[in-house]
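**Q** Here it is, the structure, as C-alpha cells.
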Amino acid sequence: MGKLGTITRRTFLISAVAITGGVVFGYWKYKQPHGNPLLKDIDEGAGALTPYVLIDQNGISIVAPRAEMGQGIHTTLAAMVAEELDVTLEQVNVLHGPASKAYFNAVFMEDGLPFASLDESGLAEGARSFTEIPAKLIGMQLTGGSTSTYDHYDKMRTAGAAARESLLQAAANKTGIDVGSLSTSNGKVITPEGKELTYNELASAAAEIEPSAEPALKPRSEWKLLGKSQDRVDIIPKSTGTAEFGVDIDLPNMLYATVKVNPNLLNPMNSFDASKAESMRGVKKIIEIENGIAVVATNSWYAFQAIKAIECDWVPANYPVSTDGLRQLVVDSFEGWSNSKNRNDGDVDDALENGEVISGEYEVPFLAHATMEPMNATAWLHDGQLDIWAGNQIPTQVVIDAKKITGLSEENINVKTPLMGGGFGRRAEIDFVKQAVQIAKEMEGVPVKMTWTREEDTTHDYYRPLAMARFEAVMGETAPTAIDLKLAASGVFGAQFGRWGYPLAGPDNSIVQAAWDQPYGVENYRVTGYKAETIFPVMFWRSVGASQNAFFHESMIDELAHAKGLDPLQMRLDMMTDEPSKKVLEKVRDMSNWNQSLPVGHARGVGFCLSFGVPTAQVIEIAEQSGKIKIVNAYIVADVGIALDPRNIEAQLTGGMLFGLTAAIMGEITITDGKVDQTNFHNYNSIRMNQSPNFEVAILENGSKIKGVGEPGTPPAAPALSNAIFALTGKRIRKLPLNKEVDFA
C-alpha cells in the first residue's frame, strides 16, 4: 500500500491531504446522480468528477465500494478499473469507499422479482431495469447476494476508461500532439517519439476536462488483467499480519467494551445488579443499552470478566421456547395461506390424481453464521462528530441508525469499513454497531472498541431459518411428469428489509428461492411457498433460500430417479431446458468419471442448483472407512458468464462448498428454554482440513451475463453429499444435519 493506504488505516478514510492537488475520475451515467462523497474533503483546485478513481501526486487509488470479507472483491473491482486505465494492480492503492448513496447497489432488488434468472424476455429485462430506480432512491450501499461483480462490471471499467481518455486529452493539450497519436502504458501517456508523461503530472490538467460518459472499452482480446488470475491486493498485508480488521483498530486513549443482552432473543431486560462488577479491576463504566448492558474497561479481558459478574433479570421469550415449538410454527404454516406460487405449470392436481404418487418430507435446522472474527465495532463521539470503524456489509444503514441514536446529521457521521474476518450475510445486520454507538454516546470524547465474546456471537445471531419441504410427484418412464413442491420457512427478505425500515411488499421470495426457477422441464410442476410466523430472529445466510431449497429440490429429484431405477445425473440431463446448465452437468459428469465403476465401498452423489444466475453442479465421491464415511473427492463446475479471475472464482467455489458441507454434516442451532444451546466452536463446529476432500474445479463461460460466485458454491453441497450417502448405504436422509444418521471419519 502507498501513502494513501497508510493514511486510510491510521486516520480517516479519505483525507484532504491525500486528495489535494489531484483529480478524481469515475463514471456516473444517471442524469441526477447522488452527490460525490469525495467532494467533502477535496480542496479547491482539485477535481472530483465521480466516486471511483483518484489520481494525485501520491499515485493512483481506486475506491472499491463493496466490503472485502475474504471473497477477493477488492482485487476484482480494482482490476476492472486498472484494465481500462492501463495500469497494473501493483501500481494502485485500493480502499473501501465511504458510506454514501453514490455507491448504491443497483441490482440487489432483482432477486425479489417473480422472474427466473434465465428469463430474458422483454418483460423480465424491463422489470430488472425498473428496479434500479427504487434501488437508487433508497441508496443502499450493500455487499451481498453475489452482486458486486455483476453490479460493477460496467461501472468500474467505464470509470477507468473515462479516466484514461481524460489523461490522453490532457497530454494532447500539453504537447500539441493529436490525441489519436498518443498511447498509454503502465500509468504513462506515451508520445510517438517515445516521450513519457506520467498520469500524476497530468492529473491536475485532466481535472479540467469533462470525462466521457461513454468511453470506448477494451475488447476482451486486448485484456491484460481481466480474464487472468491475479494476486490478491490484500495478500501481503494478510500474510504479514499488517492487514487491519475491525478487531485491530487501535486509537490513542481508547477504552474497551463488551456487551451482554437478553438470551431470550430480541427481548428487553427488567433489571440488573452490577455491584460485584463495579469494583473489578479495569472497569470504567457500566452502561445500560438496548435489551442489556455493556461494560467499559481498560482492556477487553477485564470487560469480559466483569460482565460475567453482572446479574440480570431478563424478560422471558415471546416465542416458543424450544426447537420443537419453533418447528411447529413451520409445520402449521402449511395449513395457512400460500405466500407465493411463482411456478404452476400444467395441471398438477389432475396428474397426481391419475398417477402413482411418490411423496416425502425434508427439513433443515436453524444455522448460525459463525464468522471467524466475532462482531465488533469502534465508535468515537467527539467535537460534534461520530467516527465509526466497523466491518459491515451496509455502511449507509450504519449512518441511518447512528443518526437516530445520536441526533447528529449524516454529514457528521463518518463510517470506515475495514477488512472483515467473514461476513456470510451476518454483517448486513448492524445490531453490534448500534451497541457501539450507544456506548460512545455515554463515553463522549473517548474512543471505545466494543467486541463480542464468541459466546455472545453464537447465541445472538440472526439465524438461517428452520425450513421444511413436502413433495408429491409422479414418475414417467424417463423423468417426472408431475411435481408438487411445498416449501415453508420464515421470510428472510421480509425480516431483514423490515429491520432496515423497508417493509417488503408482496411475497417473500426467499422461501422459494432456487426451487421454483430451476431449469428442469416438467409438464405439471408447481412450487408453493408458505410463510411461517417470523418471531425468531432470521436473516441472510450464505446463498439465502437456495441453501435449504437446493437440498430439498435436488434430494427430491434424486429420490425420484432412484424410484424408477434411473441414473440420477442422466435424468437431470434429460430434464434440463437450459443449455449452459446442461453443459455444467455434462462437464461434472466427465470430470468425475461418473459413468465408470468405483471400488467397493465407494459411491458418488450429484447436486445441481441455479442460484444467483449461476448454474452450478457438484459431484461428491465418498468412501466407507472402518464403518465411517469419508468424503474423498469433490468436483465443481459453474458457469459465471465471464470469468474475470479464475483462481479467485475457484477459491470462492471451493470455499462455498466447504461452507455447505459444514452445514450439511454438523450445522444445527437448537433452542432450550428460549435460549440458543450452542455457544462456541466446541458445540457449533466446522469442517476441518483433514475432513476436506480433494477438489477439482471447472469454470465455464456459456452464460449470457456476467455473474458473481460468492454464494453459488454452497447450495449443491448438501444434496450431493446426501445423495452419495444414499448411493452407498441405501439410506435416504431427509433431515439435516447428516451426522445424526451417519458417522463421518
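Ordering of the C-alpha cells sets the chain letters (A, B, ...); residue numbers start at 1 within each chain; ligands are numbered from 1 in the order shown.
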Applying 10 Å and only C-alpha atoms, which residues near segment 565-576 of chain A remain after dropping the ones on its own chain fewer than 3 positions away? List them as a PyMOL selection string.
**A** chain A and resi 477-480+518-522+554+557-562+579-586+588-589+594-595+605-608+619+723
**Q** Apply DSSP to the backbone of this structure and, from segment 374-450 of chain A, keep only the residues in strand (DSSP E); write these as a short mmCIF file (atom, residue, chain, number, x, y, z; two decimals) with C-alpha atoms, in the first residue's frame.
**A**
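Below is the file part.cif, written as the result:
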```cif
data_model
loop_
_atom_site.label_atom_id
_atom_site.label_comp_id
_atom_site.auth_asym_id
_atom_site.auth_seq_id
_atom_site.Cartn_x
_atom_site.Cartn_y
_atom_site.Cartn_z
CA ASN A 376 -17.09 -5.76 16.88
CA ALA A 377 -17.16 -2.02 16.29
CA THR A 378 -15.24 1.03 17.45
CA ALA A 379 -17.04 4.32 17.93
CA TRP A 380 -15.77 7.76 18.93
CA LEU A 381 -18.13 10.65 19.58
CA HIS A 382 -16.19 13.89 19.76
CA GLN A 385 -18.99 14.21 15.04
CA LEU A 386 -19.08 10.45 15.24
CA ASP A 387 -16.38 8.22 13.78
CA ILE A 388 -17.19 4.52 13.41
CA TRP A 389 -14.85 1.70 12.45
CA ILE A 413 -21.12 10.63 10.86
CA ASN A 414 -18.06 9.00 9.30
CA VAL A 415 -18.09 5.25 8.70
CA LYS A 416 -14.89 3.38 7.95
CA VAL A 448 -14.32 2.76 22.65
CA LYS A 449 -13.82 -0.56 20.90
CA MET A 450 -16.72 -2.93 21.60
#
```
**Q** Do you have the atom CA of Arg232 of chain A-atom CA of Val94 of chain A distance handy?
**A** 11.0 Å
**Q** Considering only C-alpha atoms, return as a PyMOL selection string whatever protein or nucleic-acid residues lie within 12 Å of Met80 of chain A, sequence-local ones (same chain, fewer than 6 positions apart) excluded.
**A** chain A and resi 52-53+62-64+73-74+86-89+148-150+152-161+217-218+220+223-228+230+644-645
**Q** Restricting the calculation to only C-alpha atoms: of A:Ile620, A:Ala303, A:Leu265, A:Ala724, which residue gets closest to Val321 of chain A?
**A** A:Leu265
**Q** Using Å and a single decimal, report how far atom CA of Ser333 of chain A sits from atom CA of Gln548 of chain A.
**A**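 It comes out at 17.0 Å.
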**Q** Name all residues at most 12 Å from Gly674 of chain A (count only C-alpha atoms; drop same-chain ones fewer than 4 positions away) and give them as a VMD selection string.
**A** chain A and resid 262 to 267 314 to 326 459 to 460 535 to 536 670
**Q** For the selection you just gave me, I'd like the residues written to a file as a CSV table (one decimal), in the first residue's frame, keeping N, CA and C atoms.
**A**
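Dumped to out_15.csv:
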```
chain,number,residue,atom,x,y,z
A,262,ASN,N,-30.2,-9.8,26.4
A,262,ASN,CA,-31.1,-10.9,26.8
A,262,ASN,C,-30.9,-12.1,25.9
A,263,PRO,N,-30.6,-13.3,26.5
A,263,PRO,CA,-30.5,-14.5,25.7
A,263,PRO,C,-31.9,-15.0,25.2
A,264,ASN,N,-33.0,-14.4,25.7
A,264,ASN,CA,-34.3,-14.6,25.1
A,264,ASN,C,-34.4,-13.6,24.0
A,265,LEU,N,-34.1,-14.0,22.8
A,265,LEU,CA,-33.6,-13.1,21.7
A,265,LEU,C,-34.6,-12.0,21.4
A,266,LEU,N,-34.1,-10.7,21.3
A,266,LEU,CA,-34.8,-9.5,20.9
A,266,LEU,C,-35.8,-9.0,22.0
A,267,ASN,N,-35.6,-9.6,23.2
A,267,ASN,CA,-36.5,-9.2,24.3
A,267,ASN,C,-35.7,-8.3,25.3
A,314,TRP,N,-34.0,-11.1,33.1
A,314,TRP,CA,-34.4,-11.0,31.7
A,314,TRP,C,-35.9,-11.1,31.5
A,315,VAL,N,-36.5,-10.4,30.6
A,315,VAL,CA,-37.8,-10.6,30.1
A,315,VAL,C,-37.9,-12.0,29.4
A,316,PRO,N,-38.8,-12.8,29.7
A,316,PRO,CA,-38.9,-14.1,29.0
A,316,PRO,C,-39.2,-14.0,27.5
A,317,ALA,N,-38.9,-15.1,26.8
A,317,ALA,CA,-39.1,-15.2,25.4
A,317,ALA,C,-40.6,-15.0,25.1
A,318,ASN,N,-40.8,-14.3,24.0
A,318,ASN,CA,-42.2,-14.2,23.5
A,318,ASN,C,-42.4,-15.1,22.2
A,319,TYR,N,-41.6,-16.1,22.1
A,319,TYR,CA,-41.7,-17.1,21.0
A,319,TYR,C,-41.7,-18.5,21.7
A,320,PRO,N,-42.1,-19.5,21.0
A,320,PRO,CA,-42.0,-20.9,21.5
A,320,PRO,C,-40.5,-21.1,22.1
A,321,VAL,N,-40.4,-21.7,23.2
A,321,VAL,CA,-39.1,-21.7,23.9
A,321,VAL,C,-38.3,-23.0,23.6
A,322,SER,N,-38.7,-23.8,22.7
A,322,SER,CA,-38.0,-24.9,22.3
A,322,SER,C,-37.9,-25.1,20.8
A,323,THR,N,-36.9,-25.8,20.3
A,323,THR,CA,-36.8,-26.1,18.9
A,323,THR,C,-38.0,-26.7,18.3
A,324,ASP,N,-38.6,-27.6,19.1
A,324,ASP,CA,-39.8,-28.3,18.6
A,324,ASP,C,-41.0,-27.3,18.5
A,325,GLY,N,-41.0,-26.4,19.4
A,325,GLY,CA,-42.1,-25.4,19.4
A,325,GLY,C,-42.0,-24.4,18.2
A,326,LEU,N,-40.7,-24.0,17.9
A,326,LEU,CA,-40.5,-23.2,16.7
A,326,LEU,C,-40.7,-24.0,15.4
A,459,THR,N,-24.7,-17.0,20.3
A,459,THR,CA,-26.1,-17.1,20.9
A,459,THR,C,-27.0,-15.9,20.6
A,460,HIS,N,-26.4,-14.9,19.9
A,460,HIS,CA,-27.2,-13.7,19.5
A,460,HIS,C,-27.0,-13.4,18.0
A,535,ILE,N,-41.1,-14.8,14.3
A,535,ILE,CA,-40.9,-14.2,15.7
A,535,ILE,C,-39.6,-14.6,16.3
A,536,PHE,N,-38.8,-15.4,15.6
A,536,PHE,CA,-37.4,-15.8,16.0
A,536,PHE,C,-36.5,-15.1,15.0
A,670,THR,N,-30.0,-25.1,18.1
A,670,THR,CA,-31.2,-25.6,18.8
A,670,THR,C,-31.5,-24.6,20.0
```
**Q** Please list as a list in words every residue within 10 Å of Val331 of chain A, counting only C-alpha atoms and excluding residues in the same chain fewer than 3 positions away.
**A**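 Residues meeting the cut-off are Gly325, Leu326, Arg327, Gln328, Phe334, Glu335, Gly336, Ala467, Met468, Ala469, Ala488, Ala489, Tyr530 and Ala532 of chain A.
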**Q** Could you take the residues named above and write them with N, CA and C atoms, as a PDB file, in the first residue's frame?
**A**
```
ATOM      1  N   GLY A 325     -41.046 -26.357  19.442  1.00  0.00           N
ATOM      2  CA  GLY A 325     -42.107 -25.358  19.378  1.00  0.00           C
ATOM      3  C   GLY A 325     -41.964 -24.446  18.183  1.00  0.00           C
ATOM      4  N   LEU A 326     -40.738 -24.045  17.878  1.00  0.00           N
ATOM      5  CA  LEU A 326     -40.499 -23.217  16.698  1.00  0.00           C
ATOM      6  C   LEU A 326     -40.730 -24.010  15.420  1.00  0.00           C
ATOM      7  N   ARG A 327     -40.367 -25.285  15.461  1.00  0.00           N
ATOM      8  CA  ARG A 327     -40.619 -26.145  14.305  1.00  0.00           C
ATOM      9  C   ARG A 327     -42.116 -26.246  14.025  1.00  0.00           C
ATOM     10  N   GLN A 328     -42.909 -26.273  15.078  1.00  0.00           N
ATOM     11  CA  GLN A 328     -44.346 -26.406  14.901  1.00  0.00           C
ATOM     12  C   GLN A 328     -44.929 -25.210  14.153  1.00  0.00           C
ATOM     13  N   PHE A 334     -48.025 -24.703   6.738  1.00  0.00           N
ATOM     14  CA  PHE A 334     -48.514 -25.444   5.575  1.00  0.00           C
ATOM     15  C   PHE A 334     -50.041 -25.407   5.476  1.00  0.00           C
ATOM     16  N   GLU A 335     -50.695 -25.156   6.592  1.00  0.00           N
ATOM     17  CA  GLU A 335     -52.154 -25.124   6.602  1.00  0.00           C
ATOM     18  C   GLU A 335     -52.697 -23.718   6.365  1.00  0.00           C
ATOM     19  N   GLY A 336     -51.807 -22.741   6.259  1.00  0.00           N
ATOM     20  CA  GLY A 336     -52.245 -21.368   6.072  1.00  0.00           C
ATOM     21  C   GLY A 336     -52.268 -20.968   4.611  1.00  0.00           C
ATOM     22  N   ALA A 467     -36.454 -24.758   8.140  1.00  0.00           N
ATOM     23  CA  ALA A 467     -37.309 -24.815   6.951  1.00  0.00           C
ATOM     24  C   ALA A 467     -37.692 -26.250   6.649  1.00  0.00           C
ATOM     25  N   MET A 468     -38.814 -26.402   5.954  1.00  0.00           N
ATOM     26  CA  MET A 468     -39.322 -27.727   5.615  1.00  0.00           C
ATOM     27  C   MET A 468     -39.826 -27.751   4.174  1.00  0.00           C
ATOM     28  N   ALA A 469     -39.861 -28.955   3.623  1.00  0.00           N
ATOM     29  CA  ALA A 469     -40.404 -29.154   2.278  1.00  0.00           C
ATOM     30  C   ALA A 469     -41.230 -30.425   2.255  1.00  0.00           C
ATOM     31  N   ALA A 488     -41.812 -24.304   3.279  1.00  0.00           N
ATOM     32  CA  ALA A 488     -42.231 -23.466   4.400  1.00  0.00           C
ATOM     33  C   ALA A 488     -41.032 -23.016   5.208  1.00  0.00           C
ATOM     34  N   ALA A 489     -41.000 -21.721   5.531  1.00  0.00           N
ATOM     35  CA  ALA A 489     -39.929 -21.140   6.343  1.00  0.00           C
ATOM     36  C   ALA A 489     -40.345 -19.735   6.727  1.00  0.00           C
ATOM     37  N   TYR A 530     -44.863 -21.161   1.717  1.00  0.00           N
ATOM     38  CA  TYR A 530     -45.686 -20.865   2.894  1.00  0.00           C
ATOM     39  C   TYR A 530     -44.818 -20.129   3.912  1.00  0.00           C
ATOM     40  N   ALA A 532     -43.889 -19.003   7.400  1.00  0.00           N
ATOM     41  CA  ALA A 532     -44.068 -19.267   8.825  1.00  0.00           C
ATOM     42  C   ALA A 532     -43.975 -17.962   9.603  1.00  0.00           C
TER      43      ALA A 532
END
```
**Q** For Thr729 of chain A, list every protein, DNA or RNA residue within 10 Å, evaluated using only C-alpha atoms, and leave out those in the same chain fewer than 5 positions away; present the list as a list in words.
**A**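 Counting only the stated atoms, we get Gly601, His602, Ala603, Glu624, Asn723, Ala724 and Val742 of chain A.
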**Q** Segment 196-413 of chain A: which residues are alpha helix (DSSP H) by DSSP, as a PyMOL selection string?
**A** chain A and resi 199-206+235-240+275-278+300-308+323-333+348-353+395-406
**Q** Can you pull out the residues contacting segment 401-407 of chain A? Cut-off 7 Å, using only C-alpha atoms, and skip same-chain residues under 2 positions away; I want them as a list of chain:residue names.
**A**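 Final neighbour list, sorted by chain and number: A:Gln397, A:Val398, A:Val399, A:Ser409, A:Glu410, A:Lys434, A:Val437, A:Gln438, A:Lys441.
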